[in-house]
Each structure stands twice: as structure tokens, then as C-alpha cells.
file upload31.txt (compact mmCIF, C-alpha atoms (C1' of nucleotides))
# COMPACT_ATOMS: atom_id res chain seq x y z
CA MET A 23 1.28 15.49 39.07
CA THR A 24 1.15 19.24 39.36
CA HIS A 25 3.58 21.32 41.35
CA SER A 26 1.12 22.18 44.09
CA ASP A 27 0.11 18.55 44.43
CA LYS A 28 3.71 17.52 44.94
CA ARG A 29 4.00 20.04 47.74
CA ALA A 30 1.11 18.61 49.68
CA TYR A 31 1.40 14.86 49.74
CA PHE A 32 3.77 14.32 52.67
CA PHE A 33 1.71 16.65 54.79
CA LYS A 34 -1.53 14.99 53.70
CA ILE A 35 -0.36 11.56 54.83
CA ASP A 36 1.22 12.92 58.01
CA SER A 37 -1.89 14.71 59.20
CA THR A 38 -4.14 11.76 58.33
CA ILE A 39 -2.03 9.27 60.26
CA LYS A 40 -2.01 11.62 63.26
CA ARG A 41 -5.79 11.81 63.09
CA ILE A 42 -6.20 8.03 62.85
CA ARG A 43 -3.88 7.54 65.81
CA SER A 44 -5.84 10.04 67.86
CA PHE A 45 -9.14 8.36 66.90
CA MET A 46 -7.85 4.93 67.91
CA GLN A 47 -6.43 6.35 71.13
CA LYS A 48 -9.77 7.88 72.02
CA ASN A 49 -11.52 4.57 71.37
CA LEU A 50 -9.09 2.79 73.70
CA THR A 51 -9.32 5.44 76.39
CA ASP A 52 -13.12 5.54 76.24
CA ALA A 53 -13.14 1.77 76.75
CA ASN A 54 -10.97 2.27 79.88
CA ILE A 55 -8.06 0.50 78.26
CA ASP A 56 -4.80 1.87 79.62
CA LEU A 57 -2.73 1.48 76.44
CA THR A 58 -1.26 3.89 73.92
CA VAL A 59 -1.68 3.03 70.26
CA ASP A 60 2.00 2.12 69.99
CA GLN A 61 1.82 -0.04 73.10
CA TRP A 62 -1.14 -1.77 71.44
CA VAL A 63 0.89 -2.34 68.26
CA VAL A 64 3.66 -3.94 70.31
CA LEU A 65 1.29 -6.16 72.28
CA ASP A 66 -0.53 -7.17 69.11
CA HIS A 67 2.68 -8.31 67.44
CA ILE A 68 3.93 -10.35 70.38
CA VAL A 69 0.70 -12.37 70.50
CA PRO A 70 1.20 -14.27 67.22
CA ASN A 71 4.99 -14.34 67.74
CA ALA A 72 5.43 -15.65 71.26
CA GLY A 73 9.12 -15.89 72.15
CA ILE A 74 10.19 -13.20 69.69
CA SER A 75 13.26 -11.12 70.62
CA GLN A 76 13.28 -7.31 70.96
CA ASN A 77 15.27 -6.81 67.77
CA GLU A 78 13.03 -9.07 65.75
CA LEU A 79 10.01 -7.23 67.12
CA GLY A 80 11.56 -3.89 66.14
CA THR A 81 12.18 -5.06 62.61
CA LEU A 82 8.65 -6.39 62.40
CA ILE A 83 6.95 -3.17 63.41
CA CYS A 84 9.52 -0.64 62.11
CA LYS A 85 10.61 0.71 65.49
CA ASP A 86 14.22 1.15 66.50
CA ALA A 87 15.82 -0.64 69.43
CA PRO A 88 15.61 2.22 71.98
CA THR A 89 11.92 2.73 71.23
CA ILE A 90 11.23 -0.99 71.68
CA THR A 91 13.15 -1.01 74.96
CA ARG A 92 11.12 1.87 76.33
CA ILE A 93 7.72 0.62 75.24
CA LEU A 94 8.53 -2.81 76.69
CA ASP A 95 9.67 -1.19 79.97
CA ILE A 96 6.20 0.32 80.24
CA LEU A 97 4.42 -2.91 79.32
CA VAL A 98 6.50 -4.82 81.90
CA LYS A 99 5.67 -2.22 84.53
CA LYS A 100 2.00 -2.65 83.65
CA GLU A 101 2.54 -6.43 84.06
CA LEU A 102 1.28 -7.13 80.55
CA ILE A 103 4.43 -8.83 79.27
CA VAL A 104 7.53 -10.54 80.67
CA ARG A 105 11.13 -10.55 79.45
CA LYS A 106 12.67 -14.02 79.84
CA MET A 107 16.38 -14.66 79.36
CA SER A 108 17.14 -16.74 76.28
CA ASP A 109 19.07 -19.94 77.00
CA MET A 110 20.44 -20.00 73.47
CA ASP A 111 21.81 -16.45 73.48
CA ARG A 112 22.18 -14.58 76.73
CA ARG A 113 22.11 -11.22 74.95
CA LYS A 114 18.49 -11.80 73.98
CA PHE A 115 15.20 -11.60 75.76
CA ILE A 116 12.27 -13.81 74.97
CA LEU A 117 9.03 -11.83 75.02
CA GLU A 118 5.74 -13.22 76.24
CA LEU A 119 2.39 -11.87 77.37
CA THR A 120 1.24 -12.41 80.94
CA PRO A 121 -2.30 -13.69 81.54
CA GLN A 122 -3.36 -10.08 82.17
CA GLY A 123 -1.64 -9.09 78.93
CA LYS A 124 -3.56 -11.69 76.97
CA GLU A 125 -6.80 -10.58 78.54
CA LEU A 126 -6.18 -6.90 77.80
CA HIS A 127 -5.12 -7.71 74.25
CA LYS A 128 -8.38 -9.50 73.66
CA LYS A 129 -10.36 -6.59 75.04
CA ALA A 130 -8.39 -4.04 73.03
CA PHE A 131 -8.62 -6.05 69.84
CA ALA A 132 -12.39 -5.68 69.73
CA ILE A 133 -12.06 -1.91 70.10
CA ILE A 134 -9.33 -1.58 67.48
CA ALA A 135 -11.14 -3.83 65.00
CA ASN A 136 -14.22 -1.68 65.30
CA GLY A 137 -12.14 1.46 64.81
CA ARG A 138 -10.52 0.02 61.70
CA LYS A 139 -13.92 -0.78 60.27
CA LYS A 140 -15.27 2.71 60.94
CA SER A 141 -12.19 4.45 59.60
CA TRP A 142 -12.40 2.54 56.33
CA GLU A 143 -16.05 3.34 55.61
CA ASN A 144 -16.84 4.45 52.04
CA LEU A 145 -13.62 2.89 50.78
CA SER A 146 -13.29 -0.25 48.67
CA ASP A 147 -11.04 -3.26 48.31
CA LYS A 148 -9.50 -1.62 45.27
CA ASP A 149 -8.79 1.50 47.30
CA TYR A 150 -6.97 -0.68 49.76
CA ASP A 151 -4.90 -2.32 47.05
CA ASP A 152 -4.08 1.09 45.58
CA LEU A 153 -3.10 2.48 48.96
CA VAL A 154 -0.80 -0.45 49.65
CA ARG A 155 0.76 -0.21 46.21
CA ILE A 156 1.34 3.53 46.55
CA MET A 157 2.85 3.16 50.03
CA ASP A 158 5.08 0.30 48.88
CA THR A 159 6.22 2.26 45.82
CA ILE A 160 7.12 5.32 47.86
CA TYR A 161 8.83 3.10 50.42
CA ALA A 162 10.96 1.57 47.69
CA ASN A 163 11.70 4.97 46.12
CA VAL A 164 13.17 6.36 49.32
CA ASP A 165 15.05 3.24 50.33
CA MET B 21 -11.61 -5.66 52.43
CA THR B 22 -10.35 -8.80 54.06
CA HIS B 23 -9.65 -9.19 57.74
CA SER B 24 -5.89 -9.31 57.37
CA ASP B 25 -5.92 -6.21 55.17
CA LYS B 26 -7.83 -4.29 57.80
CA ARG B 27 -5.18 -5.17 60.33
CA ALA B 28 -2.34 -3.75 58.32
CA TYR B 29 -3.34 -0.41 56.92
CA PHE B 30 -2.58 1.90 59.86
CA PHE B 31 0.81 0.33 60.23
CA LYS B 32 1.48 0.53 56.50
CA ILE B 33 0.85 4.26 56.39
CA ASP B 34 2.70 4.87 59.65
CA SER B 35 5.88 3.09 58.57
CA THR B 36 5.83 4.73 55.14
CA ILE B 37 5.51 8.24 56.54
CA LYS B 38 8.38 7.54 58.93
CA ARG B 39 10.51 6.41 56.02
CA ILE B 40 9.67 9.47 53.93
CA ARG B 41 10.50 11.75 56.86
CA SER B 42 13.82 10.02 57.37
CA PHE B 43 14.61 10.28 53.63
CA MET B 44 13.83 14.00 53.56
CA GLN B 45 15.83 14.53 56.75
CA LYS B 46 18.83 12.80 55.25
CA ASN B 47 18.58 14.97 52.12
CA LEU B 48 18.53 18.11 54.27
CA THR B 49 21.38 16.96 56.48
CA ASP B 50 23.51 15.90 53.51
CA ALA B 51 23.03 19.39 52.06
CA ASN B 52 24.32 20.87 55.34
CA ILE B 53 20.93 22.37 56.11
CA ASP B 54 20.39 22.54 59.87
CA LEU B 55 16.63 21.96 59.88
CA THR B 56 14.38 19.10 60.93
CA VAL B 57 11.59 18.15 58.57
CA ASP B 58 9.00 19.69 60.90
CA GLN B 59 11.01 22.89 61.20
CA TRP B 60 11.05 22.95 57.40
CA VAL B 61 7.27 22.52 57.27
CA VAL B 62 6.84 25.47 59.65
CA LEU B 63 9.24 27.71 57.71
CA ASP B 64 7.61 26.74 54.43
CA HIS B 65 4.17 27.76 55.66
CA ILE B 66 5.25 31.12 57.05
CA VAL B 67 6.75 32.14 53.70
CA PRO B 68 3.47 32.47 51.77
CA ASN B 69 1.64 33.66 54.90
CA ALA B 70 3.81 36.44 56.26
CA GLY B 71 2.27 37.93 59.39
CA ILE B 72 0.38 34.76 60.32
CA SER B 73 -0.22 34.10 64.04
CA GLN B 74 0.91 30.97 65.88
CA ASN B 75 -2.61 29.61 66.21
CA GLU B 76 -3.37 30.13 62.54
CA LEU B 77 -0.11 28.42 61.66
CA GLY B 78 -1.00 25.48 63.90
CA THR B 79 -4.38 25.07 62.25
CA LEU B 80 -2.76 25.30 58.82
CA ILE B 81 -0.23 22.54 59.41
CA CYS B 82 -2.16 20.41 61.92
CA LYS B 83 0.13 20.94 64.89
CA ASP B 84 -1.11 21.88 68.35
CA ALA B 85 -0.18 25.12 70.12
CA PRO B 86 2.57 23.72 72.38
CA THR B 87 4.29 22.07 69.43
CA ILE B 88 4.16 25.32 67.43
CA THR B 89 5.56 27.26 70.39
CA ARG B 90 8.51 24.89 70.73
CA ILE B 91 9.36 24.66 67.05
CA LEU B 92 9.21 28.47 66.80
CA ASP B 93 11.45 28.79 69.87
CA ILE B 94 14.06 26.77 67.99
CA LEU B 95 13.63 28.74 64.76
CA VAL B 96 13.96 32.02 66.67
CA LYS B 97 17.11 30.75 68.38
CA LYS B 98 18.48 29.87 64.94
CA GLU B 99 17.59 33.42 63.87
CA LEU B 100 15.44 32.18 61.00
CA ILE B 101 12.20 33.84 62.13
CA VAL B 102 11.06 36.68 64.42
CA ARG B 103 8.00 37.00 66.63
CA LYS B 104 6.59 40.54 66.46
CA MET B 105 3.89 41.79 68.83
CA SER B 106 0.56 42.36 67.11
CA ASP B 107 -0.79 45.91 67.51
CA MET B 108 -4.35 44.70 66.94
CA ASP B 109 -4.32 41.95 69.54
CA ARG B 110 -1.60 41.85 72.14
CA ARG B 111 -2.15 38.15 72.77
CA LYS B 112 -0.89 37.38 69.28
CA PHE B 113 2.51 37.23 67.65
CA ILE B 114 3.11 38.12 64.03
CA LEU B 115 5.51 35.66 62.44
CA GLU B 116 8.06 36.62 59.82
CA LEU B 117 11.21 35.17 58.34
CA THR B 118 14.53 36.92 58.81
CA PRO B 119 16.75 37.44 55.76
CA GLN B 120 18.73 34.37 56.84
CA GLY B 121 15.44 32.49 57.16
CA LYS B 122 14.43 33.40 53.63
CA GLU B 123 17.81 32.36 52.29
CA LEU B 124 17.74 29.00 54.09
CA HIS B 125 14.16 28.39 52.96
CA LYS B 126 15.19 28.89 49.36
CA LYS B 127 18.12 26.52 49.74
CA ALA B 128 16.00 23.89 51.49
CA PHE B 129 13.20 24.17 48.97
CA ALA B 130 15.41 22.91 46.17
CA ILE B 131 16.38 19.89 48.27
CA ILE B 132 12.83 19.09 49.33
CA ALA B 133 11.43 19.52 45.80
CA ASN B 134 13.98 17.06 44.52
CA GLY B 135 13.12 14.62 47.30
CA ARG B 136 9.42 14.88 46.50
CA LYS B 137 10.11 14.11 42.87
CA LYS B 138 12.25 11.08 43.67
CA SER B 139 9.82 9.72 46.24
CA TRP B 140 6.95 9.87 43.73
CA GLU B 141 8.71 7.99 40.93
CA ASN B 142 6.67 5.26 39.20
CA LEU B 143 3.44 6.83 40.46
CA SER B 144 0.85 8.67 38.38
CA ASP B 145 -1.45 11.67 38.63
CA LYS B 146 -4.31 9.26 39.17
CA ASP B 147 -2.42 7.62 42.01
CA TYR B 148 -2.08 11.03 43.58
CA ASP B 149 -5.79 11.74 43.24
CA ASP B 150 -6.60 8.34 44.71
CA LEU B 151 -4.23 8.87 47.62
CA VAL B 152 -5.73 12.25 48.42
CA ARG B 153 -9.25 10.89 48.19
CA ILE B 154 -8.45 7.93 50.45
CA MET B 155 -6.71 10.14 53.01
CA ASP B 156 -9.59 12.64 52.97
CA THR B 157 -12.15 9.86 53.34
CA ILE B 158 -10.38 8.33 56.32
CA TYR B 159 -9.92 11.79 57.82
CA ALA B 160 -13.65 12.42 57.55
CA ASN B 161 -14.50 8.95 58.92
CA VAL B 162 -12.57 9.51 62.12
CA ASP B 163 -13.61 13.11 62.65
C1' DG C 18 -17.70 49.38 84.01
C1' DT C 19 -17.22 44.99 86.30
C1' DT C 20 -17.61 40.12 85.75
C1' DC C 21 -17.29 36.15 83.18
C1' DA C 22 -16.14 33.61 79.08
C1' DA C 23 -13.16 32.89 75.15
C1' DA C 24 -8.80 33.21 72.68
C1' DT C 25 -3.57 33.18 72.50
C1' DA C 26 0.47 31.62 73.93
C1' DT C 27 3.42 29.23 77.33
C1' DT C 28 4.96 25.57 80.46
C1' DG C 29 4.86 20.85 82.44
C1' DT C 30 4.55 15.80 81.97
C1' DC C 31 4.83 11.74 79.62
C1' DA C 32 5.22 8.79 75.21
C1' DT C 33 7.56 8.12 70.92
C1' DG C 34 11.43 8.61 67.34
C1' DG C 35 16.16 9.32 65.65
C1' DC C 36 20.85 9.31 66.73
C1' DA C 37 25.06 8.26 69.31
C1' DA C 38 27.49 6.08 73.01
C1' DC C 39 27.83 2.28 75.95
C1' DT C 40 27.78 -2.73 78.17
C1' DA C 41 27.45 -7.49 77.72
C1' DT C 42 27.59 -11.37 74.98
C1' DT C 43 28.58 -14.06 70.88
C1' DA C 44 31.01 -14.94 66.52
C1' DT C 45 35.05 -14.46 63.68
C1' DT C 46 39.77 -14.03 62.71
C1' DT C 47 44.27 -15.06 63.30
C1' DA D 29 43.29 -19.08 72.94
C1' DA D 30 43.50 -13.95 72.32
C1' DA D 31 42.11 -10.13 69.75
C1' DT D 32 38.64 -8.22 67.06
C1' DA D 33 34.19 -7.63 65.05
C1' DA D 34 29.32 -8.11 65.22
C1' DT D 35 24.92 -8.43 67.71
C1' DA D 36 21.35 -7.38 71.51
C1' DG D 37 19.93 -4.39 74.47
C1' DT D 38 20.17 -0.06 77.36
C1' DT D 39 20.77 4.79 78.31
C1' DG D 40 21.26 9.73 77.15
C1' DC D 41 20.02 13.73 74.44
C1' DC D 42 17.02 16.29 71.76
C1' DA D 43 12.70 17.00 68.77
C1' DT D 44 7.88 16.16 68.27
C1' DG D 45 2.99 15.09 69.85
C1' DA D 46 -0.94 14.73 73.05
C1' DC D 47 -2.88 16.45 77.07
C1' DA D 48 -3.58 19.43 81.12
C1' DA D 49 -2.86 23.62 83.60
C1' DT D 50 -1.67 28.43 83.63
C1' DA D 51 -1.15 33.62 82.60
C1' DT D 52 -2.43 37.35 79.77
C1' DT D 53 -5.46 39.65 76.97
C1' DT D 54 -9.75 40.36 74.61
C1' DG D 55 -14.78 40.11 74.03
C1' DA D 56 -19.49 39.57 75.83
C1' DA D 57 -23.07 39.91 79.30
C1' DC D 58 -25.05 42.18 82.78

call {"tool": "encode", "arguments": {"input": "upload31.txt", "output": "C-alpha cells"}}
result
Amino acid sequence: MTHSDKRAYFFKIDSTIKRIRSFMQKNLTDANIDLTVDQWVVLDHIVPNAGISQNELGTLICKDAPTITRILDILVKKELIVRKMSDMDRRKFILELTPQGKELHKKAFAIIANGRKKSWENLSDKDYDDLVRIMDTIYANVD
Amino acid sequence: MTHSDKRAYFFKIDSTIKRIRSFMQKNLTDANIDLTVDQWVVLDHIVPNAGISQNELGTLICKDAPTITRILDILVKKELIVRKMSDMDRRKFILELTPQGKELHKKAFAIIANGRKKSWENLSDKDYDDLVRIMDTIYANVD
DNA sequence: GTTCAAATATTGTCATGGCAACTATTATTT
DNA sequence: AAATAATAGTTGCCATGACAATATTTGAAC
């Protein structure tokens, strides 16, 4: 890798991820879905993990505890999820989607899936494997 | 690309970039350099572009005008850069590093260069080319 | 030359992210 | 059992990012 290449790679990834986020956000907004991309990520990870705690959710989606708290506050206010006290451990909350939450998740999923498809056009399965390997390698290098 | 792969790629990139940023930040902080990663990026792009305007800088590093304004406010307060009025166009500022700014940039550069090297271990030139191509393709897809 | 449109920068609001401090609860140690 | 440590979650502060609104200045149209 040349010197100038080394300079650019953080910035390259950073600007691309910002652009993808903005694209996904626009798709959601255009579909009249009142969710940010991060709120979507949270919703989408509660669905297959009903009853998950806030900490577990944070670990799962790489967000720290304060960020989880604040996103959940918003989702509760929007009546998309509920925090239930855990009987086992009264420090914990049990997270679940409301009926409206499930409905909105379903609607948003179609939009997001379409966005993922469009954003990956002209790229192959091997590209995907390479991307994952490169991301995982960097992740391990900076751990 | 399989369904489950499609689901994961935004999140994969997002969490990796967060980790890289945190790694670079720790390197700076450990070296007693009072700069955030984004403040570093701004400084580092004024150096080879002395006299650049705020808008041009924003375009260069993919940050919007308000973000540039606020990061520059901080850098001015830290006495690392100065905003000079443009004689050609009184709407514009001309950005330059102070002597302290140049000194800190030099010190930070060594830290960042080392971090880049470490973060890219076990990856090849071809990996870099692939990463850039994939990022550019996605960027174009969502444009 | 005045009017209108565009460009530059700033400010405001809200969402997210990192960090530290804090409360409440549970687990461990003795 | 009491003291201590660890865990779960919240709140505060500041930096960044997206978006909208604004002021100032410049450029274009007439």
C-alpha cells in the first residue's frame, strides 16, 4: 500500500457510510416512515430477540448504554416499544415491540431491503466476502 | 449475495469505522494531543491547501457547512488556525494554520501514520484496491 | 442601477456517540 | 449479615451530523 493510499482509507469508509446512511434515511422519509436509521437498527434487532435487555442490545449493535437509553426513550415515546421490568433481575428491562412497532417494522423492512439491494448493485458475492474480511481484519487490528 | 449478508453490511462498516475512530482517538489522547479525530481531519486538509475557504474544505472532506463552522470555531479557540477575511470575496474566510497549529499537526501526523499502519496489518495492496472500489461503487449507487 | 437569485457562513434544533458520574440492584467477600 | 464490588440503566457534558432558517455579500437580469 502506498503512502497516499494509507492516508485516505479512513476517510473513504467514513464518507461512504455517511452517504449510505443518508440514502437509507431518505428512503424511509420518502415512505413517510418516522424513523431514523439508528432507530430502525434498534427496532430491527429487538424483533428477532424479544425480551432482550438494553445492555445485551447495546453489545449486539455496538452502541453504548447511554445511546441505547436515548434511542429507546424515543421509541417508547413513539409507542413502538415497551420496557417491561424483569422479574429475575430488577435492574433490567425486557424490551418488546408494541403492535404498532411490529407494523412499522414490517413497513420499514421492505424499504430498507430495497435500499440494500440498490446500494449493492454492480458488486458480487466475492466483493461482499472481501469487504467483511477486510472489516473484520481492521477490527481485530485495532482491538 | 445472500439475504442474511445483505442485512449485515451497513452495520459491519458502521461498527468498524466507529472502532477505527476510537482507536485513533486513543492514540492521540495517549500522546497528549488535544484533538478529536475530526479536528485532526480538518487540520490535515488545511495544511496542503493553505488559503482554502470553509465551503471548499467542507466539500473536500465531506462535512456540511455547519459542521465545518463548529469544528473551526474550536480550532480557532485552541489557536491552531486563523480565519482571515478574503479580499476577493468578503463572504469567504481564508483558512491558515498558526505556528502552534503547524507544530501540533506535525506531532499528530506521526501518531496517525502509525495508527494507519497498525490498523492495516495483514491486509494487502489488492485489499486496499478492492475496498476503494467497493466504497466507490456503493457511493455511486446511492448518489 | 435596482431587483432578484445564488453563494458563504452562521445559528438553532434534534439525534447520535464517547466519556464520566450517579442510582439502584445484585453478587461476592469476609 | 455487613461491607464491598460488579452490573444495569440513567443523566450530564461536549463533539459531530443532518436539516432548516437566517444574514451578508456577490452575481445576474432587467

call {"tool": "calpha_fit_and_write", "arguments": {"input": "upload31.txt", "fixed": "chain A", "moving": "chain B", "output": "short mmCIF file (atom, residue, chain, number, x, y, z; two decimals) with C-alpha atoms, keeping the file's coordinate frame"}}
result
data_model
loop_
_atom_site.label_atom_id
_atom_site.label_comp_id
_atom_site.auth_asym_id
_atom_site.auth_seq_id
_atom_site.Cartn_x
_atom_site.Cartn_y
_atom_site.Cartn_z
CA MET B 21 1.50 15.45 38.99
CA THR B 22 1.28 19.19 39.32
CA HIS B 23 3.63 21.32 41.35
CA SER B 24 1.11 22.14 44.04
CA ASP B 25 0.16 18.48 44.40
CA LYS B 26 3.77 17.53 44.95
CA ARG B 27 3.97 20.04 47.76
CA ALA B 28 1.09 18.59 49.68
CA TYR B 29 1.38 14.84 49.75
CA PHE B 30 3.76 14.33 52.68
CA PHE B 31 1.69 16.65 54.79
CA LYS B 32 -1.55 14.98 53.71
CA ILE B 33 -0.38 11.55 54.82
CA ASP B 34 1.21 12.91 58.00
CA SER B 35 -1.91 14.72 59.19
CA THR B 36 -4.15 11.77 58.33
CA ILE B 37 -2.05 9.27 60.26
CA LYS B 38 -2.04 11.61 63.26
CA ARG B 39 -5.81 11.80 63.10
CA ILE B 40 -6.21 8.03 62.85
CA ARG B 41 -3.89 7.55 65.83
CA SER B 42 -5.85 10.06 67.87
CA PHE B 43 -9.15 8.36 66.91
CA MET B 44 -7.86 4.93 67.91
CA GLN B 45 -6.44 6.35 71.14
CA LYS B 46 -9.77 7.89 72.02
CA ASN B 47 -11.53 4.57 71.38
CA LEU B 48 -9.09 2.79 73.69
CA THR B 49 -9.32 5.44 76.39
CA ASP B 50 -13.12 5.54 76.24
CA ALA B 51 -13.14 1.76 76.75
CA ASN B 52 -11.00 2.24 79.89
CA ILE B 53 -8.06 0.49 78.27
CA ASP B 54 -4.79 1.88 79.62
CA LEU B 55 -2.72 1.50 76.45
CA THR B 56 -1.27 3.91 73.92
CA VAL B 57 -1.68 3.03 70.27
CA ASP B 58 2.00 2.12 69.99
CA GLN B 59 1.82 -0.04 73.10
CA TRP B 60 -1.13 -1.77 71.45
CA VAL B 61 0.88 -2.34 68.27
CA VAL B 62 3.67 -3.94 70.31
CA LEU B 63 1.30 -6.17 72.29
CA ASP B 64 -0.52 -7.17 69.11
CA HIS B 65 2.69 -8.32 67.45
CA ILE B 66 3.93 -10.35 70.40
CA VAL B 67 0.70 -12.37 70.50
CA PRO B 68 1.21 -14.28 67.24
CA ASN B 69 4.99 -14.35 67.75
CA ALA B 70 5.43 -15.64 71.28
CA GLY B 71 9.11 -15.91 72.16
CA ILE B 72 10.19 -13.20 69.71
CA SER B 73 13.26 -11.12 70.63
CA GLN B 74 13.28 -7.33 70.95
CA ASN B 75 15.28 -6.84 67.77
CA GLU B 76 13.00 -9.09 65.76
CA LEU B 77 10.01 -7.24 67.13
CA GLY B 78 11.56 -3.91 66.15
CA THR B 79 12.17 -5.08 62.61
CA LEU B 80 8.62 -6.42 62.42
CA ILE B 81 6.94 -3.17 63.42
CA CYS B 82 9.51 -0.67 62.12
CA LYS B 83 10.59 0.72 65.47
CA ASP B 84 14.22 1.15 66.48
CA ALA B 85 15.82 -0.65 69.43
CA PRO B 86 15.62 2.21 71.97
CA THR B 87 11.94 2.74 71.24
CA ILE B 88 11.24 -0.99 71.67
CA THR B 89 13.17 -1.03 74.95
CA ARG B 90 11.14 1.86 76.35
CA ILE B 91 7.74 0.63 75.24
CA LEU B 92 8.54 -2.81 76.70
CA ASP B 93 9.68 -1.20 79.96
CA ILE B 94 6.21 0.33 80.24
CA LEU B 95 4.43 -2.91 79.32
CA VAL B 96 6.50 -4.82 81.89
CA LYS B 97 5.67 -2.22 84.54
CA LYS B 98 2.00 -2.66 83.67
CA GLU B 99 2.53 -6.42 84.06
CA LEU B 100 1.27 -7.12 80.55
CA ILE B 101 4.44 -8.82 79.28
CA VAL B 102 7.56 -10.53 80.69
CA ARG B 103 11.14 -10.55 79.45
CA LYS B 104 12.68 -14.02 79.85
CA MET B 105 16.39 -14.68 79.38
CA SER B 106 17.15 -16.72 76.27
CA ASP B 107 19.09 -19.93 76.97
CA MET B 108 20.45 -19.98 73.42
CA ASP B 109 21.79 -16.44 73.40
CA ARG B 110 22.19 -14.56 76.64
CA ARG B 111 22.12 -11.21 74.86
CA LYS B 112 18.49 -11.79 73.92
CA PHE B 113 15.20 -11.59 75.76
CA ILE B 114 12.26 -13.82 74.98
CA LEU B 115 9.04 -11.83 75.04
CA GLU B 116 5.74 -13.22 76.26
CA LEU B 117 2.40 -11.88 77.39
CA THR B 118 1.24 -12.41 80.95
CA PRO B 119 -2.30 -13.69 81.53
CA GLN B 120 -3.36 -10.09 82.19
CA GLY B 121 -1.63 -9.09 78.96
CA LYS B 122 -3.55 -11.68 76.98
CA GLU B 123 -6.82 -10.58 78.54
CA LEU B 124 -6.18 -6.89 77.81
CA HIS B 125 -5.10 -7.71 74.26
CA LYS B 126 -8.38 -9.49 73.65
CA LYS B 127 -10.36 -6.59 75.05
CA ALA B 128 -8.39 -4.03 73.03
CA PHE B 129 -8.64 -6.05 69.85
CA ALA B 130 -12.40 -5.68 69.74
CA ILE B 131 -12.06 -1.91 70.11
CA ILE B 132 -9.35 -1.58 67.48
CA ALA B 133 -11.16 -3.85 64.99
CA ASN B 134 -14.23 -1.69 65.30
CA GLY B 135 -12.15 1.45 64.81
CA ARG B 136 -10.54 0.00 61.70
CA LYS B 137 -13.94 -0.78 60.26
CA LYS B 138 -15.29 2.70 60.94
CA SER B 139 -12.20 4.44 59.61
CA TRP B 140 -12.43 2.53 56.32
CA GLU B 141 -16.07 3.33 55.59
CA ASN B 142 -16.87 4.44 52.02
CA LEU B 143 -13.63 2.88 50.78
CA SER B 144 -13.28 -0.24 48.65
CA ASP B 145 -11.03 -3.27 48.30
CA LYS B 146 -9.51 -1.61 45.26
CA ASP B 147 -8.80 1.51 47.28
CA TYR B 148 -6.98 -0.67 49.76
CA ASP B 149 -4.90 -2.30 47.05
CA ASP B 150 -4.09 1.10 45.58
CA LEU B 151 -3.10 2.49 48.96
CA VAL B 152 -0.80 -0.44 49.66
CA ARG B 153 0.76 -0.19 46.22
CA ILE B 154 1.34 3.56 46.55
CA MET B 155 2.83 3.19 50.03
CA ASP B 156 5.08 0.33 48.89
CA THR B 157 6.21 2.30 45.84
CA ILE B 158 7.12 5.36 47.88
CA TYR B 159 8.83 3.14 50.44
CA ALA B 160 10.96 1.60 47.71
CA ASN B 161 11.69 5.01 46.13
CA VAL B 162 13.17 6.40 49.32
CA ASP B 163 15.05 3.27 50.34
#

call {"tool": "atom_distance", "arguments": {"input": "upload31.txt", "atom1": "atom CA of B:Lys127", "atom2": "atom C1' of D:DA43"}}
result
22.0 Å

call {"tool": "residues_around", "arguments": {"input": "upload31.txt", "residues": "stretch 18-34 of chain C", "least_positions_apart": "2", "cutoff": "10 Å", "atoms": "only C-alpha atoms (C1' of nucleotides)", "output": "PyMOL selection string"}}
result
(chain A and resi 58+60-61+85-86+88-90+92-93+96) or (chain B and resi 38+73-75+85-86+88-90+109-113) or (chain C and resi 36) or (chain D and resi 43-58)

call {"tool": "closest_residue", "arguments": {"input": "upload31.txt", "among": "B:Lys137, B:Lys126, B:Arg153, B:Lys146", "to": "B:Val67", "atoms": "all atoms listed in the file"}}
result
B:Lys126

call {"tool": "atom_distance", "arguments": {"input": "upload31.txt", "atom1": "atom CA of A:His67", "atom2": "atom CA of A:Leu79"}}
result
7.4 Å

call {"tool": "interface_residues", "arguments": {"input": "upload31.txt", "of": "chain D", "to": "chain A", "cutoff": "8 Å", "atoms": "all atoms listed in the file", "output": "list in words"}}
result
DA36, DG37 and DT38 of chain D

call {"tool": "atom_distance", "arguments": {"input": "upload31.txt", "atom1": "atom CA of B:Ile131", "atom2": "atom CA of B:Ala51"}}
result
7.7 Å

call {"tool": "closest_residue", "arguments": {"input": "upload31.txt", "among": "B:Cys82, B:Leu48, B:Ile66, B:Leu117", "to": "chain A", "atoms": "only C-alpha atoms"}}
result
B:Cys82

call {"tool": "axis_aligned_box", "arguments": {"input": "upload31.txt", "around": "stretch 27-43 of chain C", "padding_each_side": "3 Å", "output": "AutoDock Vina command-line options"}}
result
--center_x 16.0 --center_y 7.6 --center_z 74.0 --size_x 31.2 --size_y 49.3 --size_z 22.8

call {"tool": "residues_near_point", "arguments": {"input": "upload31.txt", "point": "(-8.7, 5.7, 47.6)", "cutoff": "12 Å", "atoms": "only C-alpha atoms (C1' of nucleotides)", "output": "short mmCIF file (atom, residue, chain, number, x, y, z; two decimals) with C-alpha atoms, keeping the file's coordinate frame"}}
result
data_model
loop_
_atom_site.label_atom_id
_atom_site.label_comp_id
_atom_site.auth_asym_id
_atom_site.auth_seq_id
_atom_site.Cartn_x
_atom_site.Cartn_y
_atom_site.Cartn_z
CA TRP A 142 -12.40 2.54 56.33
CA GLU A 143 -16.05 3.34 55.61
CA ASN A 144 -16.84 4.45 52.04
CA LEU A 145 -13.62 2.89 50.78
CA SER A 146 -13.29 -0.25 48.67
CA ASP A 147 -11.04 -3.26 48.31
CA LYS A 148 -9.50 -1.62 45.27
CA ASP A 149 -8.79 1.50 47.30
CA TYR A 150 -6.97 -0.68 49.76
CA ASP A 151 -4.90 -2.32 47.05
CA ASP A 152 -4.08 1.09 45.58
CA LEU A 153 -3.10 2.48 48.96
CA VAL A 154 -0.80 -0.45 49.65
CA ARG A 155 0.76 -0.21 46.21
CA ILE A 156 1.34 3.53 46.55
CA LYS B 146 -4.31 9.26 39.17
CA ASP B 147 -2.42 7.62 42.01
CA TYR B 148 -2.08 11.03 43.58
CA ASP B 149 -5.79 11.74 43.24
CA ASP B 150 -6.60 8.34 44.71
CA LEU B 151 -4.23 8.87 47.62
CA VAL B 152 -5.73 12.25 48.42
CA ARG B 153 -9.25 10.89 48.19
CA ILE B 154 -8.45 7.93 50.45
CA MET B 155 -6.71 10.14 53.01
CA ASP B 156 -9.59 12.64 52.97
CA THR B 157 -12.15 9.86 53.34
CA ILE B 158 -10.38 8.33 56.32
CA TYR B 159 -9.92 11.79 57.82
#

call {"tool": "residues_around", "arguments": {"input": "upload31.txt", "residues": "C:DA37", "least_positions_apart": "3", "cutoff": "12 Å", "atoms": "only C-alpha atoms (C1' of nucleotides)", "output": "list of chain:residue names"}}
result
A:Pro88, D:DT39, D:DG40, D:DC41, D:DC42

call {"tool": "residues_near_point", "arguments": {"input": "upload31.txt", "point": "(9.0, 10.2, 55.5)", "cutoff": "12 Å", "atoms": "only C-alpha atoms (C1' of nucleotides)", "output": "ChimeraX atom specification"}}
result
/A:31-36,157,160-165 /B:33-47,56-58,132,135-136,139-140
